[in-house]
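Q: my_file-v2.cif is reproduced below (mmCIF, C-alpha atoms).
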```
data_my_file
loop_
_atom_site.label_atom_id
_atom_site.label_comp_id
_atom_site.auth_asym_id
_atom_site.auth_seq_id
_atom_site.Cartn_x
_atom_site.Cartn_y
_atom_site.Cartn_z
CA MET X 5 -9.02 -44.00 -0.68
CA ALA X 6 -6.88 -40.87 -0.41
CA PHE X 7 -7.91 -37.23 -0.77
CA ILE X 8 -5.87 -34.26 -1.92
CA ASN X 9 -5.31 -31.43 0.53
CA PRO X 10 -8.02 -28.74 -0.02
CA LYS X 11 -5.73 -26.19 1.65
CA THR X 12 -3.29 -26.12 -1.28
CA ASP X 13 -4.13 -23.57 -3.96
CA PHE X 14 -4.21 -26.22 -6.70
CA ALA X 15 -6.70 -28.43 -4.84
CA PHE X 16 -8.80 -25.52 -3.60
CA LYS X 17 -9.27 -24.18 -7.13
CA LYS X 18 -10.03 -27.64 -8.50
CA ILE X 19 -12.69 -28.33 -5.86
CA PHE X 20 -14.34 -24.91 -5.65
CA GLY X 21 -13.32 -22.93 -8.72
CA SER X 22 -14.10 -25.09 -11.75
CA GLN X 23 -17.30 -24.85 -13.76
CA GLN X 24 -18.39 -28.29 -12.48
CA SER X 25 -18.16 -26.92 -8.94
CA LYS X 26 -20.97 -24.37 -9.13
CA ASP X 27 -23.27 -26.20 -6.73
CA ILE X 28 -20.35 -26.93 -4.39
CA LEU X 29 -19.39 -23.26 -4.27
CA ILE X 30 -22.99 -22.16 -3.61
CA SER X 31 -23.27 -24.53 -0.63
CA PHE X 32 -19.81 -23.56 0.63
CA LEU X 33 -20.45 -19.80 0.45
CA ASN X 34 -23.93 -20.03 1.97
CA ALA X 35 -22.42 -22.02 4.85
CA LEU X 36 -19.53 -19.64 5.56
CA LEU X 37 -21.14 -16.30 4.73
CA TYR X 38 -24.82 -16.79 5.57
CA ASN X 39 -25.00 -19.43 8.34
CA ALA X 40 -26.12 -22.06 5.81
CA ASN X 41 -29.20 -20.06 4.80
CA PRO X 42 -29.98 -20.35 1.05
CA THR X 43 -29.16 -16.67 0.44
CA ILE X 44 -27.11 -17.42 -2.68
CA GLU X 45 -29.42 -19.00 -5.21
CA ASP X 46 -27.09 -18.85 -8.18
CA LEU X 47 -23.61 -17.66 -9.05
CA GLU X 48 -21.19 -17.21 -11.91
CA ILE X 49 -17.60 -18.35 -11.47
CA LEU X 50 -15.34 -15.64 -12.89
CA ASN X 51 -11.73 -15.39 -14.00
CA PRO X 52 -9.82 -14.93 -10.73
CA TYR X 53 -7.23 -12.67 -12.38
CA LEU X 54 -7.76 -9.03 -11.34
CA ALA X 55 -6.32 -7.12 -14.25
CA PRO X 56 -5.08 -3.59 -13.44
CA GLN X 57 -6.78 -0.77 -15.33
CA ILE X 58 -3.89 1.62 -14.75
CA ARG X 59 -0.45 0.83 -16.12
CA GLY X 60 1.98 0.11 -13.31
CA VAL X 61 -0.68 -1.11 -10.86
CA LYS X 62 0.17 -4.52 -9.38
CA ASP X 63 -1.38 -7.64 -10.93
CA THR X 64 -3.47 -9.82 -8.63
CA TYR X 65 -4.32 -13.53 -8.74
CA LEU X 66 -7.03 -14.99 -6.49
CA ASP X 67 -8.00 -18.60 -5.84
CA VAL X 68 -11.69 -18.21 -6.73
CA LYS X 69 -13.86 -15.28 -7.81
CA ALA X 70 -17.62 -15.37 -8.30
CA LYS X 71 -20.61 -13.13 -8.92
CA ILE X 72 -23.42 -14.13 -6.55
CA THR X 73 -27.07 -13.29 -5.93
CA GLY X 74 -27.58 -9.58 -5.34
CA ASP X 75 -24.86 -8.60 -7.85
CA LYS X 76 -22.21 -9.07 -5.19
CA THR X 77 -18.72 -10.20 -6.03
CA VAL X 78 -16.97 -12.71 -3.76
CA ILE X 79 -13.21 -13.12 -3.93
CA ILE X 80 -11.82 -16.14 -2.11
CA GLU X 81 -8.28 -16.83 -1.02
CA MET X 82 -6.94 -19.89 0.78
CA GLN X 83 -3.73 -18.92 2.60
CA VAL X 84 -1.50 -21.55 4.18
CA LEU X 85 1.55 -19.43 5.05
CA ASN X 86 1.52 -16.34 7.25
CA VAL X 87 3.74 -14.23 5.01
CA GLU X 88 4.72 -10.62 5.60
CA GLY X 89 2.21 -8.08 4.28
CA PHE X 90 -0.62 -10.60 3.96
CA GLU X 91 -3.10 -8.41 5.89
CA LYS X 92 -2.49 -5.50 3.53
CA ARG X 93 -2.78 -7.77 0.48
CA ILE X 94 -6.30 -8.71 1.54
CA LEU X 95 -7.31 -5.04 1.71
CA TYR X 96 -5.60 -4.35 -1.61
CA ASN X 97 -7.41 -7.20 -3.37
CA ALA X 98 -10.79 -6.21 -1.92
CA ALA X 99 -10.37 -2.55 -2.88
CA LYS X 100 -9.15 -3.53 -6.33
CA ALA X 101 -12.06 -5.91 -6.94
CA TYR X 102 -14.39 -3.07 -5.93
CA SER X 103 -12.78 -0.38 -8.07
CA ILE X 104 -12.31 -2.32 -11.32
CA GLN X 105 -16.08 -2.71 -11.72
CA LEU X 106 -16.24 0.75 -13.35
CA ASP X 107 -14.99 1.78 -16.75
CA SER X 108 -13.92 5.34 -17.42
CA GLY X 109 -16.87 7.76 -17.21
CA GLU X 110 -19.28 5.37 -15.47
CA ASN X 111 -21.23 6.53 -12.43
CA TYR X 112 -20.16 5.42 -8.93
CA THR X 113 -23.72 4.27 -8.24
CA LEU X 114 -23.01 1.27 -10.48
CA LEU X 115 -20.57 -0.14 -7.93
CA ASN X 116 -21.78 -3.37 -6.28
CA PRO X 117 -20.65 -4.87 -2.94
CA VAL X 118 -17.52 -7.01 -2.66
CA ILE X 119 -16.94 -9.72 -0.07
CA ALA X 120 -13.36 -10.87 0.49
CA LEU X 121 -13.46 -14.35 2.02
CA THR X 122 -10.06 -15.41 3.38
CA ILE X 123 -9.41 -18.86 4.82
CA THR X 124 -6.17 -19.18 6.77
CA ASP X 125 -4.27 -22.20 8.06
CA PHE X 126 -2.87 -20.03 10.85
CA GLU X 127 -4.32 -17.69 13.48
CA MET X 128 -4.63 -14.07 12.39
CA PHE X 129 -6.46 -12.52 15.33
CA LEU X 130 -4.90 -13.77 18.54
CA ASN X 131 -7.28 -11.80 20.78
CA CYS X 132 -10.40 -13.25 19.15
CA ASP X 133 -11.50 -16.86 19.63
CA LYS X 134 -14.11 -16.87 16.84
CA VAL X 135 -13.49 -19.23 13.93
CA ILE X 136 -15.34 -16.92 11.52
CA SER X 137 -14.90 -13.18 11.94
CA ARG X 138 -16.34 -10.32 9.88
CA PHE X 139 -15.11 -6.79 9.31
CA ALA X 140 -16.88 -3.85 7.70
CA LEU X 141 -16.49 -0.06 7.72
CA LYS X 142 -18.24 1.46 10.75
CA GLU X 143 -18.26 4.76 12.62
CA GLN X 144 -15.79 4.42 15.46
CA ASP X 145 -18.01 5.46 18.40
CA TYR X 146 -21.58 4.72 17.28
CA LEU X 147 -20.75 1.70 15.04
CA VAL X 148 -22.95 3.07 12.27
CA ASP X 149 -22.41 1.18 9.01
CA TYR X 150 -20.71 3.01 6.14
CA SER X 151 -22.13 2.46 2.66
CA ILE X 152 -24.09 -0.66 3.64
CA TYR X 153 -21.23 -3.18 3.64
CA ASP X 154 -19.92 -2.30 0.19
CA ILE X 155 -16.63 -3.91 1.18
CA GLU X 156 -16.75 -6.72 3.72
CA LEU X 157 -13.86 -8.86 4.94
CA VAL X 158 -14.65 -12.35 6.22
CA PHE X 159 -11.99 -14.58 7.77
CA VAL X 160 -12.09 -18.29 8.57
CA GLU X 161 -9.18 -19.35 10.81
CA LEU X 162 -8.87 -23.12 10.57
CA PRO X 163 -6.64 -23.66 13.66
CA LYS X 164 -9.41 -22.25 15.86
CA PHE X 165 -11.84 -24.96 14.72
CA ASN X 166 -11.44 -27.85 17.16
CA LYS X 167 -14.59 -29.91 16.66
CA SER X 168 -14.19 -33.63 16.07
CA LEU X 169 -16.17 -35.55 13.46
CA GLU X 170 -18.71 -36.60 16.10
CA ASP X 171 -19.26 -32.99 17.15
CA LEU X 172 -20.19 -31.61 13.72
CA GLU X 173 -23.68 -30.11 13.87
CA THR X 174 -24.17 -27.67 11.00
CA ILE X 175 -23.24 -27.59 7.32
CA THR X 176 -20.86 -24.77 8.25
CA ASP X 177 -19.09 -27.13 10.68
CA LYS X 178 -18.88 -29.81 8.00
CA TRP X 179 -17.40 -27.53 5.36
CA ILE X 180 -14.75 -26.22 7.74
CA TYR X 181 -13.96 -29.77 8.83
CA PHE X 182 -13.65 -30.75 5.15
CA LEU X 183 -11.07 -28.00 4.57
CA LYS X 184 -9.12 -28.83 7.69
CA SER X 185 -9.23 -32.63 7.73
CA ALA X 186 -10.05 -34.10 4.30
CA ARG X 187 -6.38 -34.86 3.66
CA SER X 188 -6.22 -37.15 6.70
CA LEU X 189 -9.38 -39.16 5.89
CA ASP X 190 -9.46 -42.49 4.03
CA LYS X 191 -13.21 -42.46 3.30
CA VAL X 192 -16.13 -40.05 3.20
CA PRO X 193 -17.65 -39.84 6.70
CA GLU X 194 -21.33 -40.78 6.67
CA THR X 195 -22.34 -37.63 8.53
CA MET X 196 -20.73 -35.51 5.80
CA GLY X 197 -21.69 -37.59 2.77
CA VAL X 198 -25.38 -36.89 3.40
CA VAL X 199 -24.75 -33.36 2.11
CA PRO X 200 -24.68 -33.83 -1.70
CA GLU X 201 -22.32 -30.91 -2.34
CA ILE X 202 -19.81 -32.15 0.24
CA GLN X 203 -20.03 -35.68 -1.20
CA LYS X 204 -19.26 -34.20 -4.62
CA ALA X 205 -16.35 -32.20 -3.19
CA PHE X 206 -14.88 -35.44 -1.81
CA GLU X 207 -15.27 -37.07 -5.24
CA ILE X 208 -13.32 -34.24 -6.89
CA ALA X 209 -10.73 -34.42 -4.10
CA ASN X 210 -10.29 -38.17 -4.59
CA GLN X 211 -6.64 -38.57 -5.50
CA ALA X 212 -7.52 -41.46 -7.79
CA ASN X 213 -9.35 -39.05 -10.12
CA LEU X 214 -6.23 -36.97 -10.80
CA ASN X 215 -3.91 -37.58 -13.73
CA ARG X 216 -0.16 -37.91 -13.36
CA ASP X 217 0.58 -34.25 -14.18
CA GLU X 218 -1.96 -33.06 -11.62
CA LEU X 219 -0.53 -35.32 -8.92
CA GLU X 220 2.98 -34.10 -9.69
CA ASP X 221 1.88 -30.48 -9.56
CA LEU X 222 0.12 -31.08 -6.24
CA GLN X 223 3.16 -32.84 -4.77
CA LYS X 224 5.48 -29.99 -5.80
CA ARG X 225 3.13 -27.47 -4.23
CA GLU X 226 2.98 -29.36 -0.93
CA ILE X 227 6.78 -29.70 -0.83
CA PHE X 228 7.09 -25.94 -1.46
CA ILE X 229 4.65 -25.16 1.36
CA GLN X 230 6.51 -27.44 3.77
CA ASP X 231 9.85 -25.86 2.81
CA GLN X 232 8.42 -22.39 3.40
CA ARG X 233 6.99 -23.42 6.77
CA ASN X 234 10.37 -24.79 7.80
CA ALA X 235 12.04 -21.55 6.71
CA ILE X 236 9.56 -19.48 8.73
CA THR X 237 10.02 -21.70 11.79
CA ARG X 238 13.79 -21.44 11.50
CA ALA X 239 13.62 -17.65 11.21
CA VAL X 240 11.38 -17.42 14.27
CA ASN X 241 13.66 -19.72 16.28
CA LEU X 242 16.71 -17.68 15.31
CA ALA X 243 14.98 -14.48 16.37
CA VAL X 244 14.01 -16.01 19.72
CA LYS X 245 17.55 -17.32 20.24
CA GLN X 246 19.03 -13.91 19.47
CA LYS X 247 16.66 -12.28 21.95
CA SER X 248 17.65 -14.81 24.62
CA LEU X 249 21.33 -14.10 24.02
CA GLU X 250 20.76 -10.36 24.38
CA ILE X 251 18.90 -10.87 27.67
CA ALA X 252 21.61 -13.21 28.92
CA LYS X 253 24.30 -10.58 28.21
CA ARG X 254 22.41 -8.02 30.28
CA LEU X 255 21.95 -10.50 33.14
CA ILE X 256 25.67 -11.33 33.10
CA GLU X 257 26.45 -7.63 33.32
CA ALA X 258 23.99 -7.40 36.21
CA GLY X 259 25.97 -10.03 38.11
CA LEU X 260 23.56 -12.99 38.06
CA ASP X 261 24.95 -16.53 38.26
CA ASP X 262 25.01 -18.86 35.26
CA GLN X 263 22.33 -21.23 36.61
CA THR X 264 19.80 -18.42 37.14
CA ILE X 265 20.52 -16.96 33.69
CA SER X 266 20.07 -20.37 32.08
CA GLN X 267 16.70 -20.88 33.77
CA THR X 268 15.54 -17.37 32.88
CA THR X 269 16.55 -17.37 29.20
CA LYS X 270 16.09 -21.12 28.45
CA LEU X 271 19.67 -21.17 27.15
CA SER X 272 21.81 -24.17 28.09
CA LEU X 273 24.32 -23.76 30.88
CA SER X 274 27.18 -24.25 28.40
CA GLU X 275 25.80 -21.48 26.17
CA VAL X 276 25.66 -19.09 29.12
CA GLN X 277 29.21 -20.02 30.17
CA LYS X 278 30.50 -19.49 26.63
CA LEU X 279 28.77 -16.14 26.48
CA ARG X 280 30.35 -15.11 29.77
CA LYS X 281 33.84 -16.01 28.52
CA ASN X 282 33.35 -13.98 25.36
#
```
Would you put the structure from the file into structure tokens?

A:
Amino acid sequence: MAFINPKTDFAFKKIFGSQQSKDILISFLNALLYNANPTIEDLEILNPYLAPQIRGVKDTYLDVKAKITGDKTVIIEMQVLNVEGFEKRILYNAAKAYSIQLDSGENYTLLNPVIALTITDFEMFLNCDKVISRFALKEQDYLVDYSIYDIELVFVELPKFNKSLEDLETITDKWIYFLKSARSLDKVPETMGVVPEIQKAFEIANQANLNRDELEDLQKREIFIQDQRNAITRAVNLAVKQKSLEIAKRLIEAGLDDQTISQTTKLSLSEVQKLRKN
């Protein structure tokens, strides 16, 4: 048995965003937003396209959008690549989802809270070791809430989750493990299959249940993601190499020997010698 990767946008939408996934999404959101408490009793899966109400305003496409208990809107985005401007895009999408609730002439009191749930396959907050972090508007010194969490940002950073299958304790643990590791499993773990919604998510993610077009689309998406990751890695390596060369030039000018410069900059001895000649 093989499972599709829930971290790709195609698979994520298929598992959590289709009309047959209503119970899955309720369990998933309760686990990540409300510590597995049954706060969300029902929801309505909405069109994830955020249409602009002003001509010229940027279009927005989300992975999943839903109206939940309490008239709150949840927008969900699964992000695999750490692209430039991603942090600002999250704010933009949250503010847009909040503002487009009103038609011209309607009262601001009709605005309902928006939760932007973002799941990343990379670390966003290097100085925070929490897997799930929450942000809301607060007064800077007294931490008084502004407008009772009308816009809340919730982040789940998958690389920070290091529990093994044997260590999973809560439904929250199991859902995060599903996102992070389903692709590498060849069967549904017994400890996870006891949760009906997770069992159903595995059934939808079963590669055998996809048609040829869906499998081809998924394969293209995974190839694209891998290509983009390689491009990002290459760009980072080039930037690091350029920095090392600049440091090496300054050390040469300062009179240090080639061996010391090589050890300091991690450049090879031949690279340092070539730089000195030039």

Q: Skip segment 167-173 of chain X itself and residues of its chain fewer than 6 positions away, then list as a ChimeraX atom specification all residues within 12 Å of it, counting only C-alpha atoms.

A: /X:40,135,179-182,184-186,189,192-196

Q: Kindly resolve the PyMOL selection byres ((chain X and resi 205-217) around 9) on the present coordinates and return the residues as a compact mmCIF listing (two decimals) with C-alpha atoms, in the coordinates of the input.

A:
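In the end it all went to result.txt:
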```txt
# COMPACT_ATOMS: atom_id res chain seq x y z
CA MET X 5 -9.02 -44.00 -0.68
CA ALA X 6 -6.88 -40.87 -0.41
CA PHE X 7 -7.91 -37.23 -0.77
CA ILE X 8 -5.87 -34.26 -1.92
CA ASN X 9 -5.31 -31.43 0.53
CA PRO X 10 -8.02 -28.74 -0.02
CA ALA X 15 -6.70 -28.43 -4.84
CA LYS X 18 -10.03 -27.64 -8.50
CA ILE X 19 -12.69 -28.33 -5.86
CA PHE X 20 -14.34 -24.91 -5.65
CA SER X 25 -18.16 -26.92 -8.94
CA ILE X 28 -20.35 -26.93 -4.39
CA PHE X 182 -13.65 -30.75 5.15
CA ALA X 186 -10.05 -34.10 4.30
CA ARG X 187 -6.38 -34.86 3.66
CA LYS X 191 -13.21 -42.46 3.30
CA VAL X 192 -16.13 -40.05 3.20
CA GLY X 197 -21.69 -37.59 2.77
CA PRO X 200 -24.68 -33.83 -1.70
CA GLU X 201 -22.32 -30.91 -2.34
CA ILE X 202 -19.81 -32.15 0.24
CA GLN X 203 -20.03 -35.68 -1.20
CA LYS X 204 -19.26 -34.20 -4.62
CA GLU X 218 -1.96 -33.06 -11.62
CA LEU X 219 -0.53 -35.32 -8.92
CA GLU X 220 2.98 -34.10 -9.69
CA ASP X 221 1.88 -30.48 -9.56
CA LEU X 222 0.12 -31.08 -6.24
```

Q: Calculated over only C-alpha atoms, which of the candidates X:Asp154, X:Ala140, X:Gln83, X:Asp13 has the smallest distance to Gln223 of chain X?

A: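 Nearest to Gln223 of chain X: X:Asp13.
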
Q: Counting all atoms listed in the file, which of X:Gln246, X:Gln267, X:Asp67, X:Ile256 gets nearest to Asn282 of chain X?

A: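 Of X:Gln246, X:Gln267, X:Asp67, X:Ile256, the one nearest Asn282 of chain X is X:Ile256, counting all atoms listed in the file.
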
Q: Pick from X:Pro163, X:Gly109, X:Pro117, X:Gly259: nearest to Lys71 of chain X, with all atoms listed in the file counted?

A: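 Nearest candidate to Lys71 of chain X out of X:Pro163, X:Gly109, X:Pro117, X:Gly259: X:Pro117.
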
Q: With all atoms listed in the file as the counted atoms, please give the residues lying no more than 12 Å from Gln263 of chain X, apart from itself and same-chain residues fewer than 3 positions off, as a list of chain:residue names.

A: X:Ala252, X:Leu255, X:Ile256, X:Gly259, X:Leu260, X:Ser266, X:Gln267, X:Thr268, X:Thr269, X:Lys270, X:Leu271, X:Ser272, X:Leu273, X:Ser274, X:Glu275, X:Val276, X:Gln277

Q: For a test of reading the model, state the distance in Å between atom CA of Tyr38 of chain X and atom CA of Asn86 of chain X, rounded to one decimal.

A: 26.4 Å

Q: Given the choices X:Glu226, X:Asp177, X:Glu257, X:Glu250, which gets closest to Phe32 of chain X if the distance is worked out from all atoms listed in the file?

A: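 Among the listed residues, the smallest separation from Phe32 of chain X belongs to X:Asp177.
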
Q: Which residues would end up in the selection if the PyMOL selection byres ((chain X and resi 82) around 8) were applied here, given that I need the answer as a ChimeraX atom specification?

A: /X:11-13,16,67,80-81,83-84,122-124

Q: Evaluate the PyMOL selection byres ((chain X and resi 44-52) around 12) on the structure here and hand back the selected residues as number ranges by chain.

A: X: 17, 20-43, 53-55, 63-81, 97, 101

Q: For the residues selected in the previous step, produce a file with C-alpha atoms as a short mmCIF file (atom, residue, chain, number, x, y, z; two decimals), in the frame of the given file.

A:
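As a result, result.cif now contains:
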```cif
data_model
loop_
_atom_site.label_atom_id
_atom_site.label_comp_id
_atom_site.auth_asym_id
_atom_site.auth_seq_id
_atom_site.Cartn_x
_atom_site.Cartn_y
_atom_site.Cartn_z
CA LYS X 17 -9.27 -24.18 -7.13
CA PHE X 20 -14.34 -24.91 -5.65
CA GLY X 21 -13.32 -22.93 -8.72
CA SER X 22 -14.10 -25.09 -11.75
CA GLN X 23 -17.30 -24.85 -13.76
CA GLN X 24 -18.39 -28.29 -12.48
CA SER X 25 -18.16 -26.92 -8.94
CA LYS X 26 -20.97 -24.37 -9.13
CA ASP X 27 -23.27 -26.20 -6.73
CA ILE X 28 -20.35 -26.93 -4.39
CA LEU X 29 -19.39 -23.26 -4.27
CA ILE X 30 -22.99 -22.16 -3.61
CA SER X 31 -23.27 -24.53 -0.63
CA PHE X 32 -19.81 -23.56 0.63
CA LEU X 33 -20.45 -19.80 0.45
CA ASN X 34 -23.93 -20.03 1.97
CA ALA X 35 -22.42 -22.02 4.85
CA LEU X 36 -19.53 -19.64 5.56
CA LEU X 37 -21.14 -16.30 4.73
CA TYR X 38 -24.82 -16.79 5.57
CA ASN X 39 -25.00 -19.43 8.34
CA ALA X 40 -26.12 -22.06 5.81
CA ASN X 41 -29.20 -20.06 4.80
CA PRO X 42 -29.98 -20.35 1.05
CA THR X 43 -29.16 -16.67 0.44
CA TYR X 53 -7.23 -12.67 -12.38
CA LEU X 54 -7.76 -9.03 -11.34
CA ALA X 55 -6.32 -7.12 -14.25
CA ASP X 63 -1.38 -7.64 -10.93
CA THR X 64 -3.47 -9.82 -8.63
CA TYR X 65 -4.32 -13.53 -8.74
CA LEU X 66 -7.03 -14.99 -6.49
CA ASP X 67 -8.00 -18.60 -5.84
CA VAL X 68 -11.69 -18.21 -6.73
CA LYS X 69 -13.86 -15.28 -7.81
CA ALA X 70 -17.62 -15.37 -8.30
CA LYS X 71 -20.61 -13.13 -8.92
CA ILE X 72 -23.42 -14.13 -6.55
CA THR X 73 -27.07 -13.29 -5.93
CA GLY X 74 -27.58 -9.58 -5.34
CA ASP X 75 -24.86 -8.60 -7.85
CA LYS X 76 -22.21 -9.07 -5.19
CA THR X 77 -18.72 -10.20 -6.03
CA VAL X 78 -16.97 -12.71 -3.76
CA ILE X 79 -13.21 -13.12 -3.93
CA ILE X 80 -11.82 -16.14 -2.11
CA GLU X 81 -8.28 -16.83 -1.02
CA ASN X 97 -7.41 -7.20 -3.37
CA ALA X 101 -12.06 -5.91 -6.94
#
```

Q: Tell me, in Å to one decimal, how far atom CA of Val160 of chain X is from atom CA of Ala243 of chain X.

A: 28.4 Å

Q: Have a look at X:Val118, X:Glu161, X:Phe14, X:Glu110 and name the one nearest to Leu130 of chain X; count all atoms listed in the file.

A: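 Closest to Leu130 of chain X, using all atoms listed in the file: X:Glu161.
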
Q: Just to confirm, what's the straight-line distance from atom CA of Arg138 of chain X to atom CA of Ile155 of chain X in Å (one decimal)?

A: 10.8 Å

Q: Using only C-alpha atoms, pick whichever of X:Ile251, X:Ile227, X:Ala258, X:Leu157 has the shortest atom-to-atom distance to Ile94 of chain X.

A: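 Between X:Ile251, X:Ile227, X:Ala258, X:Leu157, the residue approaching Ile94 of chain X most closely is X:Leu157.
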
Q: Using the block above, I'd like segment 238-246 of chain X written out, keeping all heavy atoms and formatting it as a CSV table (one decimal), in the first residue's frame.

A:
```
chain,number,residue,atom,x,y,z
X,238,ARG,N,20.7,25.5,-4.2
X,238,ARG,CA,21.8,26.0,-5.0
X,238,ARG,C,22.0,27.5,-4.8
X,238,ARG,O,23.2,28.0,-4.7
X,238,ARG,CB,21.5,25.8,-6.5
X,238,ARG,CG,22.6,26.1,-7.4
X,238,ARG,CD,22.3,25.7,-8.9
X,238,ARG,NE,23.4,26.0,-9.7
X,238,ARG,CZ,23.6,27.1,-10.4
X,238,ARG,NH1,22.6,28.1,-10.2
X,238,ARG,NH2,24.6,27.4,-11.2
X,239,ALA,N,21.0,28.3,-4.7
X,239,ALA,CA,21.1,29.7,-4.5
X,239,ALA,C,21.7,30.0,-3.1
X,239,ALA,O,22.6,30.9,-3.0
X,239,ALA,CB,19.7,30.4,-4.6
X,240,VAL,N,21.3,29.3,-2.1
X,240,VAL,CA,21.9,29.4,-0.8
X,240,VAL,C,23.4,29.1,-0.8
X,240,VAL,O,24.2,29.8,-0.2
X,240,VAL,CB,21.1,28.6,0.2
X,240,VAL,CG1,21.9,28.6,1.6
X,240,VAL,CG2,19.7,29.1,0.4
X,241,ASN,N,23.7,28.0,-1.4
X,241,ASN,CA,25.1,27.5,-1.5
X,241,ASN,C,26.0,28.6,-2.2
X,241,ASN,O,27.1,28.8,-1.8
X,241,ASN,CB,25.2,26.2,-2.2
X,241,ASN,CG,24.7,25.0,-1.3
X,241,ASN,OD1,24.5,25.2,-0.1
X,241,ASN,ND2,24.3,23.9,-1.9
X,242,LEU,N,25.5,29.1,-3.3
X,242,LEU,CA,26.2,30.1,-4.0
X,242,LEU,C,26.4,31.4,-3.2
X,242,LEU,O,27.5,32.0,-3.2
X,242,LEU,CB,25.4,30.5,-5.3
X,242,LEU,CG,25.5,29.5,-6.5
X,242,LEU,CD1,24.6,29.9,-7.6
X,242,LEU,CD2,26.9,29.3,-7.0
X,243,ALA,N,25.4,31.8,-2.4
X,243,ALA,CA,25.5,32.9,-1.6
X,243,ALA,C,26.6,32.7,-0.5
X,243,ALA,O,27.4,33.6,-0.2
X,243,ALA,CB,24.2,33.3,-0.9
X,244,VAL,N,26.6,31.5,0.1
X,244,VAL,CA,27.5,31.1,1.1
X,244,VAL,C,28.9,31.1,0.5
X,244,VAL,O,29.9,31.6,1.1
X,244,VAL,CB,27.2,29.8,1.7
X,244,VAL,CG1,28.3,29.3,2.7
X,244,VAL,CG2,25.9,29.8,2.5
X,245,LYS,N,29.1,30.6,-0.7
X,245,LYS,CA,30.4,30.5,-1.3
X,245,LYS,C,30.9,31.9,-1.6
X,245,LYS,O,32.1,32.2,-1.4
X,245,LYS,CB,30.2,29.7,-2.6
X,245,LYS,CG,31.6,29.5,-3.4
X,245,LYS,CD,32.5,28.6,-2.6
X,245,LYS,CE,33.7,28.1,-3.3
X,245,LYS,NZ,33.4,27.2,-4.4
X,246,GLN,N,30.0,32.8,-2.1
X,246,GLN,CA,30.4,34.1,-2.4
X,246,GLN,C,30.9,34.9,-1.1
X,246,GLN,O,31.9,35.6,-1.1
X,246,GLN,CB,29.3,34.9,-3.0
X,246,GLN,CG,29.6,36.3,-3.5
X,246,GLN,CD,30.7,36.3,-4.5
X,246,GLN,OE1,30.8,35.5,-5.4
X,246,GLN,NE2,31.6,37.3,-4.5
```
